[in-house]
Every structure is written in structure tokens, then in C-alpha cells.
Amino acid sequence: MANRDQQRKPYASNAKVTVASKAVWFLCVTVAIFALQNPSPAVIANDSTIDANRLFTLKVLPLLKQKCFGCHGNDPKDIRGGYDLLSREGMLKGGDSGETSIVPGKPAESSLYQAVLWETYEMPPKETDRLTKAESEYIRKWIAAGAPWPNDETQRRIKQEEWSVRENENGIIVDTSGGLSNDWTYRRYQPQDIWAFQPVRKFDHQNFTKDGQNPIDFFIDRKLHEAGLSAAPQADPRTLIRRLTFDLTGLPPSQDEINTFLEAWKKDSQHAWADLTTRLLNSDHYGERQAQHWLDVVRYADTAGFSNDYERSNAWRYRDYVIRSFNNDKPFNEFVVEQIAGDELRPNDPEARIATGLLRMGPWGTAMIPKDEARQIYLDDLVHNVGQTFLAMPMRCCKCHDHKFDPIPTRDYYRMYATFAATQPAEMPVDFLPVENRNGFAKNRALTKELLDFAKAELAKVNNKQEAAAKKWYAEHNRPYKNENARKNDPEDQKPPRHVGLTPEEKGIKKVREQDVWIWQRRLERYQPMAQTVYNGPPASFVNSRKLRKPNQLNKKWQPESFILAGGSLEAPQDAVKPGVLSATGQVSHEDKKAPYLLTEEVQGRRLEFAKWVANDDNPLTARVIVNRVWASHFGQGIVKTANNFGAKGSKPTHPELLDWLTADFIENGWKIKRLHRLIVSSETYRRSGKSADHHRQTTVDPNNERLSSFPPRRLTAEEIRDGILAVTGELNREMGGVPIMPEINMEVALQPRMIQFSIAPAHQASRTPAERNRRTIYAYRVRGQADPFLEILNLPNPNESCELRDSAAVTPQAFTLLNSDTITDRSIAFALRVQKERPDDTEQWIRHAVQIAYGRKPTSDEQSLLHEYLKEMQVYHQNRKPNEVKYPTQVTRSLVEEFTGEPFEFIEKLNAYEDYTPDAKPWTVDSDTRALADVCLLLLNSNEFIYVY
């Protein structure tokens with residue numbers, strides 16, 4: 001393999017993975033790699049010219065291994081039916097039936113051939129594993145040629161001859177660091193399956209575009225022409241400003257913004273569109289919207305997940321870093337390096353330290369898990385998440401074996417694993433930046449401190465009682481008193497019983513209050529200059545995900561060891577590996593020909609070298625991936641639909657040349673995201689109407705609108721719906737950054753008991769004032785174990801897994817939530833109050849103004865008439881009904897069972913946020929006319945015109 005490494009070239013192109021089917025009788029057997037749909041004419045020409053030894057070695061034997069050996073060869077002690085396929089003699093002998101399976105020269109009389117045709121026996125027995133016609137033909141030709149079985153030396157010679165040819169009709173051999181077997185290392189791929197590993201093509205747009213034509217339109221229109229489709233006309237300007245404003249900021253345009261744009265459009269539409277794009281790209285809300293896409297991918301949350309779901313109190317600083325980066329138009333390659341290795345890049349820069357919060361985003365816990373296993377889970381998650389986030393290559397597939405479909409050997413997986421082997425998660429001191437929002441720190445810290453003091457006081461009650469009983473025990477046994485911590489390791493007969501003097505209820509309360517103290521102490525860290533980050537060095541002697549700290553002293557001689565783990569098991573280390581990269585994408589070092597894909601072995605600098613490789617201009621994956629994600633943010637799906645998977649099992653690009661043109665342009669112009677947005681939205685493709693020019697033909701030829709003959713309408717995301725509603729009700733607080741806010745959520749969900757180890761997690765307490773609660777959704781507290789029900793029902797993604805594309809499936813509970821929930825009731829009342837404030841005492845103007853606020857246009861005469869009639873009907877209804885007042889609780893009684901005694905006990909959870917709470921306007925605080933108008937507003941907020949972007 002060393003000689004082969006020397007021959008490898010950077011960024012190999014033109015390769016393919018041969019897709020295979022499942023093994024027949026053995027779960028871990030992969031698909032037939034060498035059995036291609038279109039047989040090689042050099043191998044299968046006719047029975048007289050066939051090279052039977054070559055056919056057997058390259059086609060038949062690999063096919064038997066993949067399809068048959070699982071039951072008829074891999075385990076000599078378990079040969080099913082007595083049929084051994086490991087040798088020609090075994091085949092001639094046949095199985096328990098005594099019937100020979102092959103008759104050399106006579107495939108029609110050979111039961112093996114008949115079985116694979118499913119004409120006698122049906123082998124392999126599963127329909128999904130059945131041999132293709134080409135594969136069956138390999139068997140037939142081989143038997144017809146006399147069924148030769150060349151010796152090992154002949155097979156080796158044939159394979160080496162085959163491997164010496166890089167490309168032939170069967171596909172391309174891709175240079176990698178080498179698989180666990182030569183068969184994998186030298187397997188062939190079809191170019192279309194490994195398109196993403198090929199270098200980015202570069203185009204001279206002057207050679208194929210008209211004067212002034214956006215290159216995007218050239219590539220899109222060419223596909224439309226080939227399909228005989230006509231492009232939709234340009235959308236009207238009112239539709240365009242709403243589309244662009246939501247796409248770039250996640251908020252609806254105001255009526256004033258719409259009017260200003262329409263006036264400018266009349267004078268010069270191109271200039272108006274360019275000015276609008278510039279204004280939106282320069283808006284602070286741009287960063288909030290783009291950050292939401294990124295946080296979906298990296299799985300942002302404010303808690304760690306799993307059984308205890310411990311708070312990551314400073315995760316908000318990473319969230320704000322992402323927003324700042326997009327607003328500042330930080331070059332994406334710099335953004336990449338900072339998140340993977342900011343601490344190594346600029347050790348004394350707080351911003352760079354905060355950036356590495358990416359490496360803390362995944363769910364992770366240590367409860368009931370051995371230390372080494374918890375460490376492996378963390379590193380596996382890093383490798384997989386970094387792979388799919390930046391490279392669109394899910395890495396879990398090659399943890400246990402060489403990748404079945406992509407040119408990623410398991411060696412590369414463990415080289416990436418070794419890259420992060422020195423990386424340790426920790427909460428570390430990091431100075432606050434002047435730009436970071438610390439408003440409300442003192443007030444919120446006081447609320448948290450109040451809950452901490454309450455927990456400490458309740459804990460002190462049971463501890464004092466316990467220690468009084470302990471002192472009595474020591475006195476009775478003539479021993480000097482030791483406190484609870486000092487005596488815990490003493491022999492049982494030399495110390496009082498555990499929890500001495502406590503009732504079963506008090507034993508349970510002690511555990512609950514100990515957990516509460518931990519919880520509120522941790523939450524106080526929100527307001528301290530600390531960050532969720534990482535350091536390089538040996539792990540701490542004690543690892544607990546509720547509190548991770550860098551040791552005071554690090555062993556500078558410590559060096560991590562990494563191995564390929566058979567089956568991914570820590571108990572089965574195999575070959576040692578060094579830090580490295582995905583070899584199929586090309587070399588890291590052009591100097592060390594013996595190790596072209598390896599990184600430094602030093603503890604410091606591994607991640608930085610890796611990050612620079614990820615963000616290198618010559619890496620064929622990274623720039624393509626982010627360009628595709630940005631495209632998806634505008635058109636609802638990427639040029640590659642599977643934005644997290646550019647591998648053989650992912651989708652193929654609908655417009656591969658367009659993707660490469662955009663990628664090359666992106667790299668050449670400094671990896672600038674805002675420029676890419678501007679390029680996309682300035683195209684005619686983006687500005688097309690959502691109504692197809694030829695609907696019937698489009699639905700027939702291009703039912704999924706992959707060619708983009710019209711603009712694909714989309715439903716607003718959960719955050720856009722909430723933020724958009726707050727914008728039209730006039731409640732939206734546009735303050736940026738800072739610690740998470742707590743919106744009001746369904747009270748039943750907020751107070752429901754959520755189990756954690758030894759206790760119940762704290763209830764969701766809404767922020768005290770409307771100004772705090774009604775900030776943008778990106779600033780809302782994100783708990784892995786408890787989703788906001790309003791957002792969840794609107795397809796908010798699960799933060800435990802990377803979300804490459806938001807689901808917009810319509811389900812029945814969405815209608816109930818948007819019509820009947822307390823959240824939407826409060827917003828409709830706020831909307832009504834805004835309308836009444838701005839247009840007092842004129843019901844005719846109420847309807848007109850409400851429609852203008854919600855839709856950015858005047859109502860039609862029919863809409864005005866129908867809505868006014870509905871308003872009068874609701875006025876009569878509400879005059880005869882008085883809503884019941886609902887009060888906010890200031891405490892809740894919890895019930896648990898003590899784990900050792902099985903005795904039930906109760907305790908009080910304090911809800912101090914509601915002791916001095918300013919609620920939103922509620923049905924019982926407004927008059928009947930407001931409630932009636934709120935019902936009209938509720939209809940507007942539920943309409944397609946409000947919920948969808950066209």
C-alpha cells in the first residue's frame with residue numbers, strides 16, 4: 001500500500017460507487033459490488049471468446065461472496081443444507097440432496113443457475129436480493145465455459161492486472177488511504193455516484209451567457225428548453241417584496257416598506273430590486289434568519305439531552321456568534337475554521353473560543369455510562385456531525401466497516417476520530433465581548449438566585465435533621481463526629497446509616513433538593529463570562545456532563561492513541577491510526593508522499609490543520625455544500641435535495657453545472673455568503689411567479705418543479721409564523737442577542753412533570769414581561785426534552801439530529817393550534833388592540849386596517865363586506881358571554897416515589913416568575929368589541945396568504 005500511496009494524486013475525479021443489494025443470509029454482507037447492471041462486453045461477448053478465469057475472479061466469485069457465502073461458506077461449522085460454495089468441488093458435490101449444483105458446460109442443467117433465475121429453487125430467497133439479469137448472465141457464462149476455479153496465484157495476477165487499469169467500462173478506481181480489504185480498495189465506481197468528490201468545474205460565463213444575463217438563468221433556462229417547458233412570468237412586486245423579506249430576514253415587510261418599494265418599482269424596477277436587496281442584506285435581522293438555518297444543521301439547543309438534560313448555560317453565546325458572523329458577512333471559510341479550531345487559531349480571542357461551541361452542540365450525557373464509552377460517544381458524534389455539516393458526508397456508515405457506497409474507508413473515519421481525540425469538552429472562562437447583549441442580567445440572576453436560595457434552605461432542613469441524628473449516633477458509639485462527606489468512605493460499622501434520622505419522605509426530598517441546587521447553580525453560569533468550548537489535552541479524572549471543567553494541570557507529555565475499532569467496539573482495537581482527512585478528496589501534504597492524507601500528531605494543531613483542509617479552496621465538498629444550503633434557503637430545496645448527504649445514496653444534482661458554476665464563483669469571490677444571496681435573488685429564476693406558464697405540461701413533465709419553471713411556494717417555518725404574527729400584532733421586540741427568553745407556552749405542558757435523575761426538571765416559567773417574552777424565536781430557550789408545543793406542531797425540528805431541510809407537512813393538530821390555542825388567542829387580541837389603537841372608533845376602518853397590516857394590501861370589496869358581517873356576528877356573540885379568568889400559579893406540588901423505599905412523597909416547586917408577572921392582554925381583560933375584532937384577526941392569521949410565501 002505504501003507504493004500505492006506514492007502514486008495517488010490530489011482530488012481524484014471520475015469515480016463511482018456500484019450500488020449493491022443486501023446480503024442474502026447474513027446481515028453484515030454487503031451488495032454485489034462487481035456485478036454491474038451493464039456487463040462488460042470484454043467479459044461477456046460470447047461463450048467461445050470468454051475469458052472464464054477472469055470472469056470468475058472479477059465477477060462470479062465476488063458475487064458468490066456477497067450473495068451466498070453468508071450461509072454457504074463463511075462459517076464452516078454452519079453450512080446450510082450441507083451446500084459448501086467455498087470450492088468447485090463443493091459445488092459439484094451439491095448439498096444434502098446429493099444433486100450436483102453445476103454441470104460444467106451446461107448451465108441449463110445446473111441447479112445453481114436455475115435457482116438464481118428463480119425457476120426451480122429461489123435463491124437468494126428475498127426479492128430484494130434477487131440477482132439482476134446481468135448477474136445471472138455472469139453465472140451462466142461461467143458455467144458454459146466449464147466453471148473453472150483458478151488457483152489463488154492466478155486470481156491474484158488477474159486482480160492486479162485489473163487494478164492497474166484506473167478506468168474502464170466497469171467504472172473508475174478511486175485513490176484512497178485504503179480499505180480493510182483489497183477488494184474494497186480497488187473497487188470501481190461510476191462517475192455520477194461520486195460526483196461530489198470530483199474537482200469543481202470552472203466556466204467562463206462569457207462563453208455561454210447573453211450580455212447582462214445572470215448565469216443562473218442560463219443554466220435554468222437551458223434545462224427548461226430541453227424539457228419543452230416555458231418559464232413563468234415575473235411575479236408582481238408586492239409578492240416579490242414579501243418573498244425576499246421573509247427569505248432574507250424571516251419577517252414580513254411593513255406596510256410602509258411595501259409602499260416605498262412599490263413607488264420605487266414604478267420608476268425603475270431593477271434599481272428598486274437592487275436597493276431592496278441591499279437594505280435587507282444590511283439588516284440585523286438578516287443574521288438572525290440565516291443563523292436559524294445554520295443552527296438547524298448543527299443541532300443547537302440550550303440543554304444536553306438524555307436522561308438529565310442538563311443545561312448548557314452559555315450556549316447562547318455560540319448562537320449569538322453565528323448571528324454576528326452572518327451579519328458581518330464573515331467569509332465562510334473563516335467561519336468554518338473558527339468553529340472547528342478557533343481555540344487553536346486564536347487562543348486569546350474570546351470570539352474564536354466561543355465559535356468552538358459547535359463542538360458542544362450534540363446531545364451528550366454521562367449518566368449510567370462508563371467513562372470510556374461516554375468518551376467514544378462524544379467523539380463519534382463529532383466525526384459524524386462535522387462530516388455532514390461541512391462536507392455533506394454522513395460518517396456513521398463507516399464506523400464499523402469501509403463505506404458500502406462511497407469511497408470512504410473506515411481508516412479515514414478513525415483518522416478523523418484521531419483528529420478530535422485530544423479534544424475535551426468544557427465550560428471555560430471567556431471574557432464577554434462588548435458587542436454581547438447583557439441586558440437584564442441583574443434581574444434574571446436575582447430570580448435564579450432566589451430559586452437557588454429556596455432549594456438550599458429546603459435542603460438545609462433535612463440535612464440539619466440528618467446531621468443531628470448522626471451526631472447522636474457518634475456520641476452513642478463513642479466516636480468523633482464526621483460530617484456526611486468525610487464519613488462516606490468509612491466502613492459501614494463505623495458510621496451511621498445513610499440518611500440517618502430521616503423519614504422516607506425526607507430521604508426523597510433530600511435528593512430532590514440536592515438536584516435543585518445543582519440545577520440553579522448551573523443556571524447562574526448564564527450570567528458569568530464562560531463559554532461552552534473545548535480544550536486539548538487529557539480528559540479530566542472525573543467527567544460529569546452537568547459540570548465540565550478543564551483540569552488545573554495538564555500532562556503535557558500525554559498523547560492520545562487511536563485505533564480502527566472492529567465493529568466500532570472499544571474492546572476490539574485493530575490497526576493504529578494517525579490524524580487525517582477524507583483521502584478521496586485529495587492530499588493534505590504534497591511533500592510527504594508516504595503520508596499524503598495525514599495531519600500533525602501533535603496534541604495542539606490537529607484540529608486547525610483539519611479545519612484548514614475543510615475550508616481549502618481545492619476541497620471539492622465544502623464550498624459546494626454551503627452553496628447548496630443557501631440555494632435551498634431560497635427555493636425550498638437544494639440543487640442537491642439531500643443537503644446533508646452528497647454521497648452515492650444521496651440525491652444527484654438537478655443542475656450539476658449550475659452548482660459548480662456557483663461554487664467556483666463563490667470561492668473566487670472570497671467565500672462571501674451575502675454576495676451569493678444577491679446573485680441568486682437577482683436572477684429571473686428567483687423572481688418568477690409561483691403560477692406556471694403551462695401548468696398541465698409542468699405537472700406532467702416536471703411534477704416536482706425541479707427545473708424551476710415557476711417559483712415554488714413554501715409555508716413559513718415555525719419561527720417565521722411566530723415572529724411574523726408578533727410583527728403584525730405590534731408586539732415584536734427586535735432586541736438582539738443575550739440569554740434565552742422564555743415565551744409563554746401551553747400551561748399544561750409548561751407544568752407537566754418531566755423526569756430527570758432523582759427528581760423532576762424545573763417547570764417552564766415564562767419571562768416576566770411582554771418585552772422579554774415577545775422577542776424573536778431564535779432567542780427562545782431550546783430544551784431538548786421539552787419542545788415548545790406551538791412550534792413543535794409547526795414542524796420545529798428535533799435538535800438531537802441535524803435538520804437539512806424543514807418539513808412543512810400539514811397535519812390536523814396545526815389547525816387546532818392556530819385556531820384554538822392560548823398562544824394564538826393572545827396574539828389575535830394583541831392584533832385587535834393594535835388595530836383599535838391605530839384606527840379608533842371606526843369599525844369599517846378596523847377591517848380595512850387589519851387586512852392591510854396582515855397582507856400588505858387593501859381588502860377587496862367582497863372581503864370587506866364578508867369580514868364586516870362576521871365582525872358584527874361576533875360582536876353579538878361576545879356581548880352575551882364573559883370569559884373566565886385564569887390565574888398564574890406561584891407554586892406547584894410535585895409527587896415522586898423514593899427510589900430505595902418505594903414510598904411516595906411530595907415537595908413544593910416554586911414558580912417565582914409569576915409572583916410579579918405582567919401578562920399579555922387576555923380575553924377577560926378586554927371588552928366584547930375587542931374580542932370580536934380578535935376573531936376577525938384570527939381568521940387573517942390563519943389564511944394561506946399569511947402562512948405561505950408565494
# chains A, B, ... in the order shown; residues from 1 in each chain; ligands from 1

$ closest_atom_pairs --of "region 572-608 of chain A" --to "region 413-423 of chain A" --cutoff "8 Å" --atoms "only C-alpha atoms" --output "JSON lines"
{"residue": "A:Val577", "atom": "CA", "partner": "A:Arg415", "partner_atom": "CA", "distance": 6.0}
{"residue": "A:Lys578", "atom": "CA", "partner": "A:Arg415", "partner_atom": "CA", "distance": 5.6}
{"residue": "A:Pro579", "atom": "CA", "partner": "A:Arg415", "partner_atom": "CA", "distance": 4.5}
{"residue": "A:Gly580", "atom": "CA", "partner": "A:Arg415", "partner_atom": "CA", "distance": 4.6}
{"residue": "A:Val581", "atom": "CA", "partner": "A:Met416", "partner_atom": "CA", "distance": 6.0}
{"residue": "A:Leu582", "atom": "CA", "partner": "A:Tyr413", "partner_atom": "CA", "distance": 7.8}
{"residue": "A:Leu598", "atom": "CA", "partner": "A:Arg415", "partner_atom": "CA", "distance": 8.0}
{"residue": "A:Leu599", "atom": "CA", "partner": "A:Thr419", "partner_atom": "CA", "distance": 7.8}
{"residue": "A:Val603", "atom": "CA", "partner": "A:Ala422", "partner_atom": "CA", "distance": 6.0}
{"residue": "A:Arg606", "atom": "CA", "partner": "A:Thr419", "partner_atom": "CA", "distance": 5.6}
{"residue": "A:Arg607", "atom": "CA", "partner": "A:Thr419", "partner_atom": "CA", "distance": 6.0}

$ atom_distance --atom1 "CA of Trp613 (chain A)" --atom2 "CA of Pro394 (chain A)"
17.6 Å

$ closest_atom_pairs --of "region 550-643 of chain A" --to "region 364-387 of chain A" --cutoff "12 Å" --atoms "only C-alpha atoms" --output "CSV"
residue,atom,partner,partner_atom,distance
A:Ser562,CA,A:Gln376,CA,11.0
A:Phe563,CA,A:Gln376,CA,11.9
A:Leu565,CA,A:Gln376,CA,10.9
A:Gly568,CA,A:Gln376,CA,9.5
A:Ser569,CA,A:Glu373,CA,9.5
A:Leu570,CA,A:Glu373,CA,7.7
A:Glu571,CA,A:Glu373,CA,10.4
A:Pro579,CA,A:Val383,CA,12.0
A:Gly580,CA,A:Val383,CA,11.8
A:Val581,CA,A:Gly387,CA,10.3
A:Leu582,CA,A:Gly387,CA,9.5
A:Arg607,CA,A:Val386,CA,11.4
A:Phe610,CA,A:Val386,CA,10.8
A:Ala611,CA,A:Val386,CA,10.0
A:Val614,CA,A:Gly387,CA,9.6
A:Leu621,CA,A:Gly387,CA,10.2
A:Thr622,CA,A:Gly387,CA,9.9
A:Val625,CA,A:Gly387,CA,11.0

$ residues_around --residues "Tyr948 (chain A)" --least-positions-apart "3" --cutoff "6 Å" --atoms "only C-alpha atoms" --output "VMD selection string"
chain A and resid 714 to 716 944 to 945

$ select_by_dssp --residues "region 607-806 of chain A" --states "helix (DSSP H, G or I)" --output "PyMOL selection string"
chain A and resi 607-614+622-635+656-668+673-681+695-701+718-729+747-751+770-773+777-779+789-793

$ write_last_selection --atoms "C-alpha atoms" --output "JSON list (two decimals), in the first residue's frame"
[["chain", "number", "residue", "atom", "x", "y", "z"],
["A", 607, "ARG", "CA", -8.00, 20.39, 14.50],
["A", 608, "LEU", "CA", -6.54, 23.53, 12.95],
["A", 609, "GLU", "CA", -4.85, 21.56, 10.16],
["A", 610, "PHE", "CA", -8.05, 19.62, 9.66],
["A", 611, "ALA", "CA", -10.14, 22.81, 9.60],
["A", 612, "LYS", "CA", -7.87, 24.39, 7.02],
["A", 613, "TRP", "CA", -8.25, 21.29, 4.86],
["A", 614, "VAL", "CA", -12.05, 21.51, 5.18],
["A", 622, "THR", "CA", -17.18, 22.27, 1.47],
["A", 623, "ALA", "CA", -17.99, 25.16, -0.84],
["A", 624, "ARG", "CA", -20.46, 23.03, -2.81],
["A", 625, "VAL", "CA", -22.22, 22.15, 0.43],
["A", 626, "ILE", "CA", -22.78, 25.69, 1.67],
["A", 627, "VAL", "CA", -23.74, 26.96, -1.80],
["A", 628, "ASN", "CA", -26.35, 24.21, -1.95],
["A", 629, "ARG", "CA", -27.66, 25.13, 1.53],
["A", 630, "VAL", "CA", -28.01, 28.80, 0.57],
["A", 631, "TRP", "CA", -29.81, 27.82, -2.64],
["A", 632, "ALA", "CA", -32.21, 25.67, -0.59],
["A", 633, "SER", "CA", -32.99, 28.62, 1.69],
["A", 634, "HIS", "CA", -34.48, 30.41, -1.33],
["A", 635, "PHE", "CA", -36.11, 27.62, -3.31],
["A", 656, "PRO", "CA", -24.75, 19.96, -11.69],
["A", 657, "GLU", "CA", -23.17, 22.59, -13.93],
["A", 658, "LEU", "CA", -25.05, 25.36, -12.15],
["A", 659, "LEU", "CA", -23.90, 24.06, -8.78],
["A", 660, "ASP", "CA", -20.30, 24.03, -9.93],
["A", 661, "TRP", "CA", -20.55, 27.46, -11.53],
["A", 662, "LEU", "CA", -21.98, 28.93, -8.32],
["A", 663, "THR", "CA", -19.34, 27.13, -6.24],
["A", 664, "ALA", "CA", -16.43, 28.31, -8.37],
["A", 665, "ASP", "CA", -17.77, 31.86, -8.33],
["A", 666, "PHE", "CA", -18.27, 31.65, -4.55],
["A", 667, "ILE", "CA", -14.67, 30.58, -3.98],
["A", 668, "GLU", "CA", -13.19, 33.09, -6.43],
["A", 673, "ILE", "CA", -22.49, 34.49, 1.64],
["A", 674, "LYS", "CA", -24.18, 37.86, 1.09],
["A", 675, "ARG", "CA", -22.80, 38.08, -2.42],
["A", 676, "LEU", "CA", -24.20, 34.60, -3.12],
["A", 677, "HIS", "CA", -27.64, 35.67, -1.88],
["A", 678, "ARG", "CA", -27.52, 38.75, -4.08],
["A", 679, "LEU", "CA", -26.56, 36.67, -7.11],
["A", 680, "ILE", "CA", -29.45, 34.25, -6.54],
["A", 681, "VAL", "CA", -32.19, 36.79, -5.86],
["A", 695, "HIS", "CA", -49.43, 24.17, -15.60],
["A", 696, "HIS", "CA", -50.58, 21.00, -17.34],
["A", 697, "ARG", "CA", -47.27, 20.38, -19.06],
["A", 698, "GLN", "CA", -45.29, 21.17, -15.92],
["A", 699, "THR", "CA", -47.27, 18.71, -13.81],
["A", 700, "THR", "CA", -46.72, 16.08, -16.49],
["A", 701, "VAL", "CA", -43.07, 16.66, -17.40],
["A", 718, "ALA", "CA", -42.46, 27.72, 12.83],
["A", 719, "GLU", "CA", -40.21, 30.63, 13.76],
["A", 720, "GLU", "CA", -41.38, 32.74, 10.83],
["A", 721, "ILE", "CA", -45.02, 32.15, 11.77],
["A", 722, "ARG", "CA", -44.48, 33.16, 15.39],
["A", 723, "ASP", "CA", -42.21, 36.10, 14.56],
["A", 724, "GLY", "CA", -44.47, 37.21, 11.69],
["A", 725, "ILE", "CA", -47.51, 37.16, 13.95],
["A", 726, "LEU", "CA", -45.68, 39.20, 16.59],
["A", 727, "ALA", "CA", -44.66, 41.67, 13.90],
["A", 728, "VAL", "CA", -48.23, 42.28, 12.71],
["A", 729, "THR", "CA", -49.63, 42.43, 16.26],
["A", 747, "MET", "CA", -49.56, 25.94, 30.78],
["A", 748, "GLU", "CA", -50.37, 22.24, 30.95],
["A", 749, "VAL", "CA", -47.18, 21.48, 29.06],
["A", 750, "ALA", "CA", -45.19, 24.06, 31.00],
["A", 751, "LEU", "CA", -46.09, 22.47, 34.33],
["A", 770, "PRO", "CA", -44.10, 41.01, 27.39],
["A", 771, "ALA", "CA", -40.99, 42.79, 26.12],
["A", 772, "GLU", "CA", -38.86, 39.82, 27.19],
["A", 773, "ARG", "CA", -41.28, 37.09, 26.10],
["A", 777, "THR", "CA", -37.99, 32.91, 18.37],
["A", 778, "ILE", "CA", -34.30, 32.30, 17.73],
["A", 779, "TYR", "CA", -33.69, 33.67, 21.24],
["A", 789, "PRO", "CA", -45.82, 22.83, 21.66],
["A", 790, "PHE", "CA", -46.78, 25.74, 19.37],
["A", 791, "LEU", "CA", -43.50, 25.48, 17.46],
["A", 792, "GLU", "CA", -43.31, 21.71, 17.57],
["A", 793, "ILE", "CA", -46.67, 21.23, 15.87]]

$ select_by_dssp --residues "region 56-236 of chain A" --states "strand (DSSP E or B)" --output "number ranges by chain"
A: 167-168, 171-173, 188-189, 234

$ closest_residue --among "A:His293, A:Lys404, A:Lys210, A:Lys223" --to "Asn705 (chain A)" --atoms "only C-alpha atoms"
A:Lys223

$ closest_residue --among "A:Phe69, A:Gly179, A:Phe946, A:Ala455" --to "Cys400 (chain A)" --atoms "only C-alpha atoms"
A:Gly179

$ closest_residue --among "A:Ser865, A:Thr654, A:Thr843, A:Asn485" --to "Ala932 (chain A)" --atoms "only C-alpha atoms"
A:Thr843

$ atom_distance --atom1 "CA of Trp520 (chain A)" --atom2 "CA of Phe441 (chain A)"
14.9 Å

$ residues_around --residues "region 271-279 of chain A" --least-positions-apart "4" --cutoff "7 Å" --atoms "only C-alpha atoms" --output "number ranges by chain"
A: 261, 264-265, 283, 678

$ residues_around --residues "Glu906 (chain A)" --least-positions-apart "3" --cutoff "9 Å" --atoms "only C-alpha atoms" --output "PyMOL selection string"
chain A and resi 505+508-509+893-897

$ closest_residue --among "A:Glu506, A:Lys495, A:Phe432, A:Arg222" --to "Ala460 (chain A)" --atoms "only C-alpha atoms"
A:Glu506

$ atom_distance --atom1 "CA of Ala235 (chain A)" --atom2 "CA of Pro215 (chain A)"
19.9 Å

$ residues_around --residues "region 823-837 of chain A" --least-positions-apart "4" --cutoff "8 Å" --atoms "only C-alpha atoms" --output "compact mmCIF listing (two decimals) with N, CA, C and O atoms, in the first residue's frame"
# COMPACT_ATOMS: atom_id res chain seq x y z
N ILE A 725 -46.31 36.78 13.20
CA ILE A 725 -47.51 37.16 13.95
C ILE A 725 -47.18 38.28 14.93
O ILE A 725 -47.92 39.28 15.04
N LEU A 726 -46.07 38.15 15.65
CA LEU A 726 -45.68 39.20 16.59
C LEU A 726 -45.42 40.53 15.89
O LEU A 726 -45.69 41.60 16.43
N VAL A 728 -46.98 41.63 13.11
CA VAL A 728 -48.23 42.28 12.71
C VAL A 728 -49.07 42.70 13.92
O VAL A 728 -49.86 43.63 13.83
N THR A 729 -48.89 42.02 15.06
CA THR A 729 -49.63 42.43 16.26
C THR A 729 -48.99 43.64 16.93
O THR A 729 -49.59 44.24 17.82
N GLY A 730 -47.77 43.97 16.50
CA GLY A 730 -47.07 45.09 17.10
C GLY A 730 -46.36 44.74 18.38
O GLY A 730 -45.84 45.64 19.08
N GLU A 731 -46.28 43.47 18.72
CA GLU A 731 -45.65 43.06 19.98
C GLU A 731 -44.18 42.71 19.86
O GLU A 731 -43.49 42.56 20.87
N GLU A 744 -44.35 32.41 26.60
CA GLU A 744 -45.46 31.68 27.21
C GLU A 744 -45.77 30.47 26.34
O GLU A 744 -45.83 30.57 25.11
N ILE A 745 -45.93 29.31 26.98
CA ILE A 745 -46.36 28.13 26.26
C ILE A 745 -47.58 27.56 26.97
O ILE A 745 -47.95 28.02 28.06
N ASN A 746 -48.22 26.61 26.36
CA ASN A 746 -49.38 25.96 26.97
C ASN A 746 -49.06 25.60 28.42
O ASN A 746 -48.09 24.91 28.70
N PHE A 790 -46.34 24.94 20.52
CA PHE A 790 -46.78 25.74 19.37
C PHE A 790 -45.81 25.58 18.21
O PHE A 790 -46.20 25.39 17.06
N THR A 817 -54.14 24.21 16.69
CA THR A 817 -53.21 25.12 17.37
C THR A 817 -53.38 26.55 16.88
O THR A 817 -53.39 27.49 17.68
N LEU A 818 -53.50 26.71 15.56
CA LEU A 818 -53.57 28.06 15.00
C LEU A 818 -54.96 28.69 15.15
O LEU A 818 -55.12 29.88 14.88
N LEU A 819 -55.94 27.90 15.57
CA LEU A 819 -57.29 28.46 15.78
C LEU A 819 -57.68 28.53 17.25
O LEU A 819 -58.41 29.45 17.64
N ASP A 841 -62.56 53.72 17.00
CA ASP A 841 -63.99 54.05 16.86
C ASP A 841 -64.53 54.00 15.44
O ASP A 841 -65.52 54.66 15.12
N TRP A 846 -61.52 49.41 10.88
CA TRP A 846 -60.89 48.26 11.56
C TRP A 846 -60.59 47.14 10.56
O TRP A 846 -59.48 46.62 10.52
N HIS A 849 -57.92 48.22 7.95
CA HIS A 849 -56.58 48.35 8.51
C HIS A 849 -56.00 46.99 8.89
O HIS A 849 -54.80 46.72 8.70
N ALA A 850 -56.83 46.11 9.41
CA ALA A 850 -56.36 44.77 9.80
C ALA A 850 -55.84 44.01 8.57
O ALA A 850 -54.79 43.36 8.62
N ASP A 920 -49.79 39.18 29.06
CA ASP A 920 -50.31 39.80 27.85
C ASP A 920 -51.80 40.06 28.05
O ASP A 920 -52.43 39.57 29.00
N ALA A 921 -52.38 40.84 27.16
CA ALA A 921 -53.83 41.04 27.20
C ALA A 921 -54.53 39.69 27.02
O ALA A 921 -54.16 38.89 26.16
N LYS A 922 -55.52 39.46 27.86
CA LYS A 922 -56.25 38.19 27.86
C LYS A 922 -57.72 38.45 27.55
O LYS A 922 -58.21 39.59 27.66
N PRO A 923 -58.48 37.40 27.19
CA PRO A 923 -59.90 37.61 26.87
C PRO A 923 -60.67 38.30 27.98
O PRO A 923 -61.59 39.10 27.71
N THR A 930 -63.43 44.17 21.33
CA THR A 930 -62.05 43.73 21.07
C THR A 930 -62.00 42.24 20.82
O THR A 930 -61.30 41.77 19.91
N ARG A 931 -62.76 41.48 21.61
CA ARG A 931 -62.78 40.03 21.40
C ARG A 931 -63.37 39.69 20.03
O ARG A 931 -62.91 38.77 19.35
N LEU A 933 -63.33 41.67 17.30
CA LEU A 933 -62.33 42.02 16.30
C LEU A 933 -61.18 41.02 16.31
O LEU A 933 -60.62 40.69 15.26
N ALA A 934 -60.86 40.49 17.49
CA ALA A 934 -59.80 39.48 17.60
C ALA A 934 -60.15 38.23 16.80
O ALA A 934 -59.28 37.58 16.21
N ASP A 935 -61.43 37.89 16.74
CA ASP A 935 -61.85 36.74 15.94
C ASP A 935 -61.62 36.99 14.46
O ASP A 935 -61.25 36.08 13.70
N CYS A 937 -59.27 39.02 13.31
CA CYS A 937 -57.81 38.96 13.18
C CYS A 937 -57.32 37.52 13.16
O CYS A 937 -56.38 37.17 12.44
N LEU A 938 -57.99 36.67 13.94
CA LEU A 938 -57.62 35.25 13.97
C LEU A 938 -57.79 34.62 12.59
O LEU A 938 -56.95 33.81 12.15
N LEU A 941 -54.85 35.65 10.38
CA LEU A 941 -53.60 34.98 10.73
C LEU A 941 -53.59 33.51 10.31
O LEU A 941 -52.52 32.90 10.23

$ closest_residue --among "A:Asp822, A:Asp256, A:Asp193, A:Glu885" --to "Lys652 (chain A)" --atoms "only C-alpha atoms"
A:Asp193

$ closest_residue --among "A:Ser583, A:Ser759, A:Ser692, A:Ser545" --to "Pro620 (chain A)" --atoms "only C-alpha atoms"
A:Ser583
